[in-house]
>>> print(open('structure.txt').read())   # compact mmCIF, C-alpha atoms
# COMPACT_ATOMS: atom_id res chain seq x y z
CA MET A 7 81.47 14.03 48.10
CA LYS A 8 83.52 16.24 45.85
CA THR A 9 85.84 18.71 47.61
CA VAL A 10 87.73 21.32 45.62
CA ILE A 11 90.66 23.45 46.76
CA ILE A 12 90.76 26.57 44.63
CA LYS A 13 94.09 26.93 42.84
CA TYR A 14 95.44 30.44 42.43
CA ASN A 15 98.76 32.08 42.83
CA ALA A 16 98.62 32.70 46.56
CA GLY A 17 101.40 30.92 48.33
CA ASN A 18 101.97 27.48 49.59
CA VAL A 19 98.80 25.49 50.26
CA GLN A 20 100.49 22.12 50.60
CA SER A 21 99.65 21.90 54.30
CA VAL A 22 95.94 22.37 53.51
CA MET A 23 96.11 19.33 51.23
CA TYR A 24 97.91 17.28 53.86
CA ALA A 25 95.28 18.27 56.44
CA LEU A 26 92.53 16.90 54.18
CA GLU A 27 94.54 13.73 53.59
CA ARG A 28 94.97 13.25 57.35
CA ILE A 29 91.22 13.15 57.78
CA GLY A 30 90.83 10.90 54.77
CA THR A 31 89.15 13.34 52.38
CA SER A 32 90.06 13.30 48.72
CA TYR A 33 90.13 16.65 46.90
CA LEU A 34 90.72 18.26 43.57
CA TYR A 35 93.15 21.20 43.34
CA THR A 36 91.93 23.28 40.44
CA ASP A 37 91.11 26.70 38.99
CA ASP A 38 88.60 25.27 36.51
CA GLU A 39 85.22 27.00 36.84
CA GLU A 40 83.14 23.90 35.98
CA GLU A 41 84.99 21.74 38.47
CA ILE A 42 84.55 24.38 41.16
CA ARG A 43 80.83 24.85 40.42
CA SER A 44 80.17 21.11 40.54
CA ALA A 45 81.91 20.59 43.89
CA ASP A 46 80.01 19.85 47.10
CA LYS A 47 82.52 21.77 49.20
CA VAL A 48 84.94 24.49 48.16
CA ILE A 49 88.04 25.46 50.12
CA PHE A 50 89.63 28.81 49.30
CA PRO A 51 93.01 28.99 51.06
CA GLY A 52 95.91 31.35 50.56
CA VAL A 53 99.02 32.84 52.06
CA GLY A 54 100.55 36.07 50.91
CA GLU A 55 99.71 39.58 49.87
CA ALA A 56 96.18 40.80 49.09
CA SER A 57 96.63 42.83 45.89
CA THR A 58 98.70 40.15 44.13
CA ALA A 59 96.24 37.42 45.10
CA MET A 60 93.26 39.57 44.06
CA SER A 61 94.78 40.41 40.67
CA TYR A 62 95.32 36.71 40.01
CA LEU A 63 91.67 36.00 40.85
CA LYS A 64 90.60 38.74 38.44
CA LYS A 65 92.82 37.45 35.66
CA THR A 66 91.13 34.07 35.79
CA GLY A 67 87.61 35.40 36.47
CA LEU A 68 87.51 33.60 39.83
CA ASP A 69 86.69 36.92 41.52
CA LEU A 70 83.21 36.61 39.97
CA VAL A 71 82.88 32.83 40.25
CA ILE A 72 83.54 32.60 44.01
CA PRO A 73 80.85 35.09 45.19
CA SER A 74 78.28 33.35 42.95
CA LEU A 75 78.85 29.86 44.42
CA LYS A 76 75.91 28.22 46.17
CA GLN A 77 77.62 25.32 47.95
CA PRO A 78 79.54 25.77 51.24
CA VAL A 79 82.75 27.77 50.65
CA PHE A 80 85.48 28.02 53.29
CA GLY A 81 88.08 30.78 52.95
CA THR A 82 91.14 30.73 55.19
CA CYS A 83 93.78 33.36 55.97
CA ILE A 84 94.23 35.58 52.90
CA GLY A 85 91.26 33.71 51.40
CA MET A 86 89.09 35.14 54.18
CA GLN A 87 90.44 38.64 53.63
CA LEU A 88 89.73 38.48 49.88
CA MET A 89 86.12 37.56 50.73
CA CYS A 90 85.76 40.89 52.58
CA LYS A 91 84.98 44.21 50.90
CA TYR A 92 88.33 45.92 50.97
CA SER A 93 91.83 45.44 52.38
CA GLU A 94 94.17 48.19 53.48
CA GLU A 95 97.01 45.99 52.26
CA ASN A 96 98.07 47.86 49.13
CA ASP A 97 94.65 49.48 48.88
CA THR A 98 92.91 46.40 47.49
CA LYS A 99 89.26 46.14 46.51
CA CYS A 100 88.21 42.58 47.37
CA MET A 101 85.22 40.38 46.51
CA GLY A 102 82.79 41.90 49.01
CA ILE A 103 81.05 38.73 50.20
CA PHE A 104 81.37 40.03 53.76
CA ASP A 105 80.59 43.73 54.00
CA VAL A 106 83.59 44.61 56.17
CA ASP A 107 86.99 46.23 55.59
CA VAL A 108 90.27 44.54 56.50
CA LYS A 109 92.66 46.82 58.39
CA ARG A 110 96.27 46.67 59.49
CA PHE A 111 96.88 46.15 63.21
CA PRO A 112 97.71 49.62 64.57
CA ALA A 113 101.31 49.99 65.77
CA THR A 114 101.09 49.51 69.53
CA PRO A 115 103.94 49.10 72.02
CA GLY A 116 104.17 45.53 73.25
CA PHE A 117 102.38 44.08 70.22
CA LYS A 118 104.52 42.79 67.38
CA VAL A 119 103.05 42.70 63.88
CA PRO A 120 102.51 40.17 62.30
CA HIS A 121 100.33 38.58 64.95
CA MET A 122 102.13 35.24 64.88
CA GLY A 123 101.48 32.22 67.05
CA TRP A 124 98.74 30.58 69.08
CA ASN A 125 95.86 32.70 70.36
CA ASN A 126 92.45 31.80 71.77
CA ILE A 127 89.13 32.35 70.04
CA SER A 128 85.76 32.90 71.70
CA GLY A 129 82.15 33.96 71.14
CA TYR A 130 81.35 30.93 69.00
CA LYS A 131 78.31 30.91 66.75
CA GLY A 132 77.33 28.54 63.98
CA GLU A 133 78.47 25.17 62.74
CA LEU A 134 82.23 25.36 62.33
CA THR A 135 83.05 25.72 66.02
CA LYS A 136 80.74 22.89 67.08
CA GLY A 137 82.38 20.62 69.67
CA LEU A 138 85.22 23.05 70.51
CA THR A 139 85.96 23.91 74.11
CA ASP A 140 85.71 27.59 75.07
CA ASP A 141 88.79 29.66 74.34
CA ALA A 142 90.34 27.08 72.03
CA TYR A 143 93.80 27.93 70.70
CA VAL A 144 94.50 28.25 66.99
CA TYR A 145 97.54 29.33 64.97
CA PHE A 146 97.60 32.81 63.42
CA VAL A 147 100.05 34.55 61.08
CA HIS A 148 98.75 37.88 59.78
CA SER A 149 99.26 41.64 59.83
CA TYR A 150 95.76 42.63 58.71
CA ALA A 151 92.42 41.72 60.26
CA ALA A 152 88.68 42.28 59.90
CA PRO A 153 87.07 44.01 62.88
CA VAL A 154 84.26 42.31 64.76
CA CYS A 155 81.08 42.76 62.70
CA GLU A 156 77.62 41.28 62.14
CA TYR A 157 79.14 38.22 60.37
CA THR A 158 81.60 37.39 63.16
CA VAL A 159 81.11 33.82 64.43
CA ALA A 160 84.31 33.66 66.51
CA SER A 161 86.54 36.47 67.68
CA CYS A 162 90.10 36.85 68.91
CA ASP A 163 91.89 39.64 70.72
CA TYR A 164 95.22 41.13 69.66
CA VAL A 165 95.71 44.87 70.18
CA THR A 166 91.93 45.00 69.72
CA PRO A 167 89.18 42.39 69.21
CA PHE A 168 88.94 41.15 65.62
CA SER A 169 87.05 38.54 63.59
CA ALA A 170 88.69 35.13 63.83
CA MET A 171 85.84 33.57 61.83
CA LEU A 172 83.08 34.94 59.63
CA GLN A 173 79.94 33.43 58.18
CA LYS A 174 77.23 34.63 55.85
CA ASP A 175 74.83 32.21 54.14
CA ASN A 176 76.98 29.51 52.48
CA PHE A 177 80.24 31.42 52.99
CA TYR A 178 82.52 30.52 55.90
CA ALA A 179 85.91 31.96 56.72
CA ALA A 180 88.75 31.71 59.23
CA GLN A 181 91.63 34.12 59.66
CA PHE A 182 93.85 31.47 61.26
CA HIS A 183 95.43 28.38 59.76
CA CYS A 184 93.12 25.45 60.56
CA GLU A 185 95.48 23.09 58.77
CA ILE A 186 98.23 23.56 61.37
CA SER A 187 96.08 24.40 64.40
CA GLY A 188 96.33 20.99 66.01
CA ASN A 189 93.22 19.01 66.88
CA VAL A 190 91.16 22.20 67.13
CA GLY A 191 91.89 23.10 63.52
CA GLN A 192 91.19 19.55 62.41
CA GLN A 193 87.80 19.65 64.17
CA ILE A 194 86.90 22.88 62.33
CA ILE A 195 87.80 21.36 58.95
CA GLU A 196 85.79 18.24 59.77
CA ASN A 197 82.84 20.44 60.81
CA PHE A 198 83.01 22.25 57.47
CA LEU A 199 83.12 18.99 55.51
CA LYS A 200 80.06 17.76 57.46
CA ILE A 201 77.84 20.75 56.60
CA MET B 26 95.91 36.07 74.56
CA LEU B 27 98.85 35.32 72.30
CA THR B 28 100.84 32.58 74.01
CA LYS B 29 104.54 32.07 74.47
CA ARG B 30 105.66 29.11 72.39
CA ILE B 31 107.63 26.01 73.41
CA ILE B 32 109.63 24.55 70.53
CA PRO B 33 111.59 21.28 70.58
CA CYS B 34 114.38 21.12 68.03
CA LEU B 35 115.31 17.87 66.28
CA ASP B 36 118.67 17.44 64.56
CA VAL B 37 118.35 15.11 61.62
CA LYS B 38 120.99 13.19 59.70
CA GLU B 39 120.13 10.92 56.78
CA GLY B 40 116.49 11.25 57.76
CA ARG B 41 117.01 10.16 61.35
CA THR B 42 117.28 12.13 64.56
CA VAL B 43 120.70 12.34 66.11
CA LYS B 44 121.77 13.33 69.63
CA GLY B 45 120.78 10.11 71.35
CA VAL B 46 117.21 10.29 72.34
CA ASN B 47 115.89 8.46 75.29
CA PHE B 48 112.26 7.62 74.91
CA VAL B 49 111.33 4.17 76.02
CA ASN B 50 107.76 4.52 74.81
CA LEU B 51 108.75 5.08 71.19
CA ARG B 52 109.22 2.14 68.89
CA ASP B 53 112.07 3.94 67.20
CA ALA B 54 113.43 7.04 68.88
CA GLY B 55 115.57 7.77 65.86
CA ASP B 56 112.47 8.13 63.71
CA ALA B 57 112.17 11.89 63.29
CA VAL B 58 108.52 11.65 62.30
CA GLU B 59 107.49 9.58 65.28
CA LEU B 60 109.40 11.78 67.70
CA GLY B 61 107.88 14.94 66.22
CA ALA B 62 104.38 13.48 66.42
CA MET B 63 104.96 12.63 70.06
CA TYR B 64 106.05 16.19 70.85
CA ALA B 65 103.02 17.52 69.01
CA ALA B 66 100.77 15.24 71.05
CA GLN B 67 102.46 16.45 74.24
CA GLY B 68 101.60 20.05 73.44
CA ALA B 69 104.70 21.40 71.66
CA ASP B 70 103.61 24.60 69.91
CA GLU B 71 105.90 24.19 66.95
CA LEU B 72 108.79 21.99 65.85
CA VAL B 73 112.14 22.75 64.26
CA TYR B 74 113.92 20.13 62.15
CA LEU B 75 117.55 20.89 61.38
CA ASP B 76 119.22 18.90 58.64
CA ILE B 77 122.83 18.34 59.57
CA THR B 78 123.54 16.11 56.58
CA ALA B 79 126.16 17.48 54.26
CA THR B 80 125.66 15.28 51.21
CA VAL B 81 123.42 15.68 48.19
CA GLU B 82 121.85 12.25 48.80
CA GLY B 83 121.13 13.30 52.36
CA ARG B 84 119.27 16.34 51.10
CA SER B 85 116.73 14.33 49.15
CA THR B 86 116.28 12.07 52.17
CA PHE B 87 115.54 15.20 54.18
CA ILE B 88 112.90 16.39 51.71
CA ASP B 89 111.26 13.01 51.94
CA LEU B 90 111.30 13.34 55.72
CA VAL B 91 109.72 16.81 55.51
CA ARG B 92 106.95 15.32 53.42
CA ARG B 93 106.29 12.60 55.98
CA VAL B 94 106.35 15.07 58.88
CA ALA B 95 103.88 17.35 57.09
CA HIS B 96 101.60 14.41 56.44
CA THR B 97 101.66 13.33 60.05
CA ILE B 98 101.67 16.37 62.34
CA ASN B 99 99.10 19.15 62.56
CA ILE B 100 101.15 21.94 64.13
CA PRO B 101 103.58 24.31 62.35
CA PHE B 102 107.14 23.22 61.72
CA THR B 103 110.27 24.95 60.51
CA VAL B 104 113.09 23.29 58.62
CA GLY B 105 116.68 24.45 58.35
CA GLY B 106 120.20 23.42 57.50
CA GLY B 107 122.14 24.13 54.33
CA ILE B 108 119.41 26.18 52.64
CA SER B 109 120.95 28.65 50.21
CA SER B 110 118.63 29.30 47.27
CA ILE B 111 115.09 30.01 46.17
CA ALA B 112 115.02 26.49 44.69
CA ASP B 113 115.95 24.93 48.06
CA VAL B 114 113.17 26.84 49.81
CA SER B 115 110.64 26.06 47.13
CA ALA B 116 111.34 22.33 47.40
CA LEU B 117 110.97 22.34 51.18
CA LEU B 118 107.78 24.42 51.23
CA HIS B 119 106.30 22.23 48.51
CA ALA B 120 107.13 19.19 50.60
CA GLY B 121 104.95 20.74 53.32
CA ALA B 122 107.26 22.73 55.62
CA ASP B 123 105.53 25.80 57.06
CA LYS B 124 108.69 27.87 57.45
CA VAL B 125 112.36 27.63 56.50
CA SER B 126 115.30 28.84 58.51
CA ILE B 127 118.41 30.25 56.87
CA ASN B 128 121.69 31.04 58.58
CA SER B 129 125.11 31.03 56.89
CA SER B 130 123.62 31.73 53.47
CA ALA B 131 121.98 34.91 54.81
CA VAL B 132 125.34 36.06 56.18
CA ARG B 133 127.08 35.30 52.87
CA ASN B 134 124.37 36.93 50.80
CA PRO B 135 122.00 39.15 52.80
CA ASP B 136 119.98 39.91 49.64
CA LEU B 137 118.77 36.31 49.83
CA ILE B 138 116.52 37.35 52.76
CA ASN B 139 114.86 40.00 50.57
CA GLU B 140 114.49 37.61 47.65
CA LEU B 141 112.98 34.82 49.74
CA SER B 142 110.52 37.02 51.60
CA LEU B 143 109.39 38.59 48.34
CA GLU B 144 108.98 35.20 46.69
CA PHE B 145 107.37 33.25 49.54
CA GLY B 146 106.21 35.88 52.07
CA SER B 147 107.96 37.00 55.24
CA GLN B 148 105.82 34.71 57.36
CA CYS B 149 107.76 31.63 56.29
CA ILE B 150 111.30 33.04 56.38
CA VAL B 151 113.13 32.55 59.67
CA VAL B 152 116.65 33.91 59.97
CA ALA B 153 118.77 31.98 62.44
CA ILE B 154 121.54 33.93 64.14
CA ASP B 155 124.30 32.10 66.01
CA THR B 156 126.08 34.55 68.27
CA ARG B 157 129.04 34.59 70.63
CA TYR B 158 130.31 37.29 73.00
CA ILE B 159 133.98 37.69 72.06
CA GLU B 160 136.94 39.99 72.31
CA THR B 161 137.20 42.34 69.32
CA GLU B 162 139.32 45.39 68.58
CA ASN B 163 136.55 47.44 70.24
CA GLY B 164 136.40 45.31 73.37
CA ARG B 165 133.93 42.48 74.00
CA GLU B 166 131.03 42.39 71.56
CA HIS B 167 128.24 40.07 70.44
CA ILE B 168 129.41 38.78 67.06
CA VAL B 169 127.50 36.65 64.54
CA HIS B 170 129.10 33.25 63.90
CA THR B 171 128.62 30.68 61.15
CA HIS B 172 129.59 27.02 60.72
CA GLY B 173 127.75 25.84 63.78
CA GLY B 174 129.07 28.76 65.80
CA ARG B 175 132.73 28.06 65.12
CA LYS B 176 133.54 30.82 62.65
CA PRO B 177 133.24 34.51 63.58
CA THR B 178 131.99 36.97 60.96
CA ASP B 179 132.32 40.75 60.70
CA LEU B 180 128.69 41.20 61.72
CA ARG B 181 127.62 42.55 65.08
CA THR B 182 124.62 40.62 66.38
CA ILE B 183 122.32 43.45 67.49
CA PRO B 184 122.44 45.53 64.26
CA TRP B 185 122.36 42.32 62.17
CA ALA B 186 119.13 41.27 63.87
CA LYS B 187 117.60 44.62 62.93
CA GLU B 188 118.90 44.30 59.38
CA VAL B 189 117.38 40.85 58.82
CA GLU B 190 114.01 42.22 59.93
CA ASP B 191 114.34 45.21 57.58
CA ARG B 192 115.19 42.82 54.76
CA GLY B 193 111.98 40.87 55.31
CA ALA B 194 112.64 38.09 57.81
CA GLY B 195 109.45 37.00 59.56
CA GLU B 196 111.10 35.63 62.66
CA ILE B 197 114.52 35.49 64.32
CA LEU B 198 115.95 32.32 65.87
CA LEU B 199 118.65 33.59 68.19
CA THR B 200 121.13 31.02 69.50
CA SER B 201 123.74 32.04 72.02
CA MET B 202 126.79 29.82 71.52
CA ASP B 203 128.01 31.02 74.91
CA THR B 204 125.10 29.43 76.74
CA ASP B 205 124.33 26.59 74.31
CA GLY B 206 124.91 23.22 75.98
CA THR B 207 125.63 24.75 79.39
CA LYS B 208 122.15 24.22 80.88
CA ASN B 209 122.75 27.42 82.86
CA GLY B 210 119.96 29.38 81.23
CA PHE B 211 119.36 31.43 78.11
CA ALA B 212 121.34 34.59 77.26
CA LEU B 213 118.76 36.89 78.82
CA GLU B 214 120.26 40.31 78.30
CA LEU B 215 121.10 39.80 74.64
CA THR B 216 117.72 38.18 73.92
CA ALA B 217 115.93 41.08 75.61
CA THR B 218 117.88 43.60 73.53
CA VAL B 219 117.25 41.80 70.24
CA SER B 220 113.57 41.18 71.02
CA GLY B 221 113.06 44.72 72.32
CA ASN B 222 114.44 46.14 69.06
CA ALA B 223 112.43 43.80 66.86
CA ASN B 224 108.89 44.02 65.62
CA ILE B 225 109.01 40.34 64.63
CA PRO B 226 108.98 37.37 66.99
CA VAL B 227 112.25 36.19 68.51
CA ILE B 228 112.84 32.53 69.36
CA ALA B 229 115.47 32.15 72.07
CA SER B 230 117.78 29.15 71.94
CA GLY B 231 120.75 27.85 73.86
CA GLY B 232 121.17 27.15 77.54
CA ALA B 233 117.84 25.81 78.78
CA GLY B 234 118.47 23.52 81.75
CA ASN B 235 115.34 23.81 83.85
CA MET B 236 111.81 25.16 83.78
CA GLU B 237 112.73 28.44 85.46
CA HIS B 238 115.06 29.23 82.57
CA PHE B 239 112.04 29.31 80.26
CA TYR B 240 110.20 31.62 82.67
CA ASP B 241 113.23 33.91 82.72
CA VAL B 242 113.61 34.05 78.95
CA PHE B 243 109.91 34.85 78.46
CA THR B 244 109.93 37.61 81.11
CA THR B 245 113.39 39.15 81.53
CA GLY B 246 114.50 37.97 78.07
CA LYS B 247 111.28 39.18 76.35
CA ALA B 248 111.39 36.17 74.02
CA ASP B 249 108.30 35.11 72.07
CA ALA B 250 109.32 31.45 71.96
CA GLY B 251 111.85 29.20 73.67
CA LEU B 252 113.65 26.42 71.84
CA ALA B 253 115.55 23.48 73.29
CA ALA B 254 116.72 20.05 72.21
CA SER B 255 118.41 17.65 74.59
CA ILE B 256 116.47 18.54 77.73
CA PHE B 257 113.32 17.46 75.91
CA HIS B 258 114.92 14.47 74.18
CA PHE B 259 116.32 13.15 77.45
CA ARG B 260 113.07 13.89 79.27
CA GLU B 261 114.77 16.15 81.79
CA ILE B 262 111.76 18.39 81.18
CA ASP B 263 108.41 17.11 79.97
CA ILE B 264 106.53 19.61 77.85
CA PRO B 265 103.18 19.22 79.68
CA ASP B 266 104.92 19.85 83.04
CA LEU B 267 106.77 22.85 81.62
CA LYS B 268 103.62 24.43 80.24
CA GLU B 269 101.73 23.84 83.46
CA TYR B 270 104.57 25.43 85.43
CA LEU B 271 104.66 28.49 83.16
CA ALA B 272 100.87 28.85 83.11
CA GLY B 273 100.96 28.67 86.91
CA LYS B 274 103.27 31.68 86.84
CA ASP B 275 100.73 33.61 84.78
CA LEU B 276 102.34 33.26 81.38
CA ALA B 277 99.93 32.72 78.49
CA MET B 278 100.31 29.08 77.43
CA ARG B 279 98.37 26.89 75.05
CA MET B 280 97.26 23.99 77.23
CA THR B 281 96.33 20.87 75.29
CA ILE B 282 96.44 18.10 77.87
>>> encode(input="structure.txt", output="structure tokens")
Amino acid sequence: MKTVIIKYNAGNVQSVMYALERIGTSYLYTDDEEEIRSADKVIFPGVGEASTAMSYLKKTGLDLVIPSLKQPVFGTCIGMQLMCKYSEENDTKCMGIFDVDVKRFPATPGFKVPHMGWNNISGYKGELTKGLTDDAYVYFVHSYAAPVCEYTVASCDYVTPFSAMLQKDNFYAAQFHCEISGNVGQQIIENFLKI
Amino acid sequence: MLTKRIIPCLDVKEGRTVKGVNFVNLRDAGDAVELGAMYAAQGADELVYLDITATVEGRSTFIDLVRRVAHTINIPFTVGGGISSIADVSALLHAGADKVSINSSAVRNPDLINELSLEFGSQCIVVAIDTRYIETENGREHIVHTHGGRKPTDLRTIPWAKEVEDRGAGEILLTSMDTDGTKNGFALELTATVSGNANIPVIASGGAGNMEHFYDVFTTGKADAGLAASIFHFREIDIPDLKEYLAGKDLAMRMTI
């Protein structure tokens, strides 16, 4: 099986690579279109700011490659947000795989932003949460989130309910960091690799 | 619900943990990787590794350690100690650290906080503040200290905490040198003030001696996370017991065991 991690200028993805190594999966870290198209599984990670990440995707043409992929694609954190339609973060038009807008958490007393730390997810649907116990805890760090929508396959609550995971056809996404979410995160990555 | 976090801190010298650790079930208690993995398995929510090595050789040993920790554990970890440049941070993040903690270098050059958060994102920049309540010309005040809490600066702790947030810090690690090592509890009032002013998480450190101290710092002290070292290393408190105790008092905890 060929697994590709998409390389673009969006933060440190070292821990994603280590997570794959821990479960014994080899991977290619590349921005080459042919390599990406020929992969069995594509992981689209990212940490950072939406408009910068999106402009890098545009520069390399990856903003058109990713939505056209047919194999399972898994976007995490900012990767998930870029797969949505639009992000309020610096007014960024995103790839539009999921027809939903990403919004900043509203300023609310008692809720710090970013939403940072371990929170529980629920309302599981689909393959990636297979085998997880109800209300499993995963690690989040983000200031923007997609509301619950028709593609939501797991949700979380902070200020208001939001999409922790999305799925549409061959596209899968998680707002949290599977790679550092303990055994729960590892299970989700393994589930994705098994699809 | 977002949980309160329990964070063991490991001091590392030449790649090995210091402060005698007392774990009979570990093959090598000085092995910082093995100890960290054990804490992760016990349900620690995050780890902090502080490099207390002063030499250049020690630094490369530390980076190698960071790499091994990142390979082994699957929870977030922060590294700190002697970090003073973009290049230092880049090397540590590339080795697999999730966050870095800066302290003296932020006091010396506050612009470094802005530069690092712009370059790497606020989410991975922790500013550590060592503070002591001392006599000043204006009476007793909370004053930021450097050099392991020995050297007072001109900075007042409460406005400095606000400033580091404004400059782009993603988290504050607040250590009270007054309570550190006493086992009489965290500095509740100061932690509550700093955390109440902040819109970023505050990790409280210094003074944990029993489980109730953690309850106090999460409620009265309004802390988002509690950090301790020796009480975990010497097994005076076991993390699973601590989390069960806190969950039993209706605090949101991530239960793993």
>>> interface_residues(input="structure.txt", of="chain B", to="chain A", cutoff="6 Å", atoms="all atoms listed in the file", output="list of chain:residue names")
B:Met26, B:Leu27, B:Thr28, B:His96, B:Asn99, B:Ile100, B:Pro101, B:Gly121, B:Gly146, B:Asn224, B:Ile225
>>> residues_around(input="structure.txt", residues="range 181-193 of chain B", least_positions_apart="5", cutoff="12 Å", atoms="all atoms listed in the file", output="VMD selection string")
(chain A and resid 119 to 120) or (chain B and resid 127 to 128 131 to 132 134 to 159 161 163 165 to 171 198 to 201 214 to 227)
>>> closest_residue(input="structure.txt", among="B:Thr204, B:Asn209, B:Thr103, B:Ser129", to="Lys176 in chain B", atoms="only C-alpha atoms")
B:Ser129
>>> closest_atom_pairs(input="structure.txt", of="range 41-69 of chain A", to="range 74-84 of chain A", cutoff="6 Å", atoms="all atoms listed in the file", output="JSON lines")
{"residue": "A:Lys47", "atom": "CA", "partner": "A:Pro78", "partner_atom": "CA", "distance": 5.4}
{"residue": "A:Val48", "atom": "CA", "partner": "A:Val79", "partner_atom": "CA", "distance": 4.7}
{"residue": "A:Ile49", "atom": "CA", "partner": "A:Phe80", "partner_atom": "CA", "distance": 4.8}
{"residue": "A:Phe50", "atom": "CA", "partner": "A:Gly81", "partner_atom": "CA", "distance": 4.4}
{"residue": "A:Pro51", "atom": "CA", "partner": "A:Thr82", "partner_atom": "CA", "distance": 4.9}
{"residue": "A:Gly52", "atom": "CA", "partner": "A:Ile84", "partner_atom": "CA", "distance": 5.1}
{"residue": "A:Val53", "atom": "CA", "partner": "A:Ile84", "partner_atom": "CA", "distance": 5.6}
>>> atom_distance(input="structure.txt", atom1="CA of Gly132 in chain A", atom2="CA of Ala160 in chain A")
9.0 Å
>>> atom_distance(input="structure.txt", atom1="CA of Glu196 in chain A", atom2="CA of Ser44 in chain A")
20.2 Å
>>> closest_residue(input="structure.txt", among="A:Phe168, A:Phe198, A:Tyr157, A:Tyr14", to="Leu63 in chain A", atoms="all atoms listed in the file")
A:Tyr14
>>> atom_distance(input="structure.txt", atom1="CA of Ile201 in chain A", atom2="CA of Gly67 in chain A")
26.7 Å
>>> closest_residue(input="structure.txt", among="B:Ala62, B:Met202, B:Leu35, B:Leu267", to="Tyr74 in chain B", atoms="only C-alpha atoms")
B:Leu35
>>> axis_aligned_box(input="structure.txt", around="range 68-79 of chain A", padding_each_side="6 Å", output="AutoDock Vina command-line options")
--center_x 81.7 --center_y 31.1 --center_z 45.5 --size_x 23.6 --size_y 23.6 --size_z 23.4
>>> closest_residue(input="structure.txt", among="A:Thr66, A:Thr114, A:Ser57, A:Gln181", to="Tyr92 in chain A", atoms="all atoms listed in the file")
A:Ser57
>>> closest_residue(input="structure.txt", among="A:Glu95, A:Ser169, A:Cys90, A:Lys200", to="Tyr130 in chain A", atoms="only C-alpha atoms")
A:Ser169
>>> closest_residue(input="structure.txt", among="A:Leu34, A:Ala56, A:Ala152, A:Leu172", to="Thr98 in chain A", atoms="all atoms listed in the file")
A:Ala56
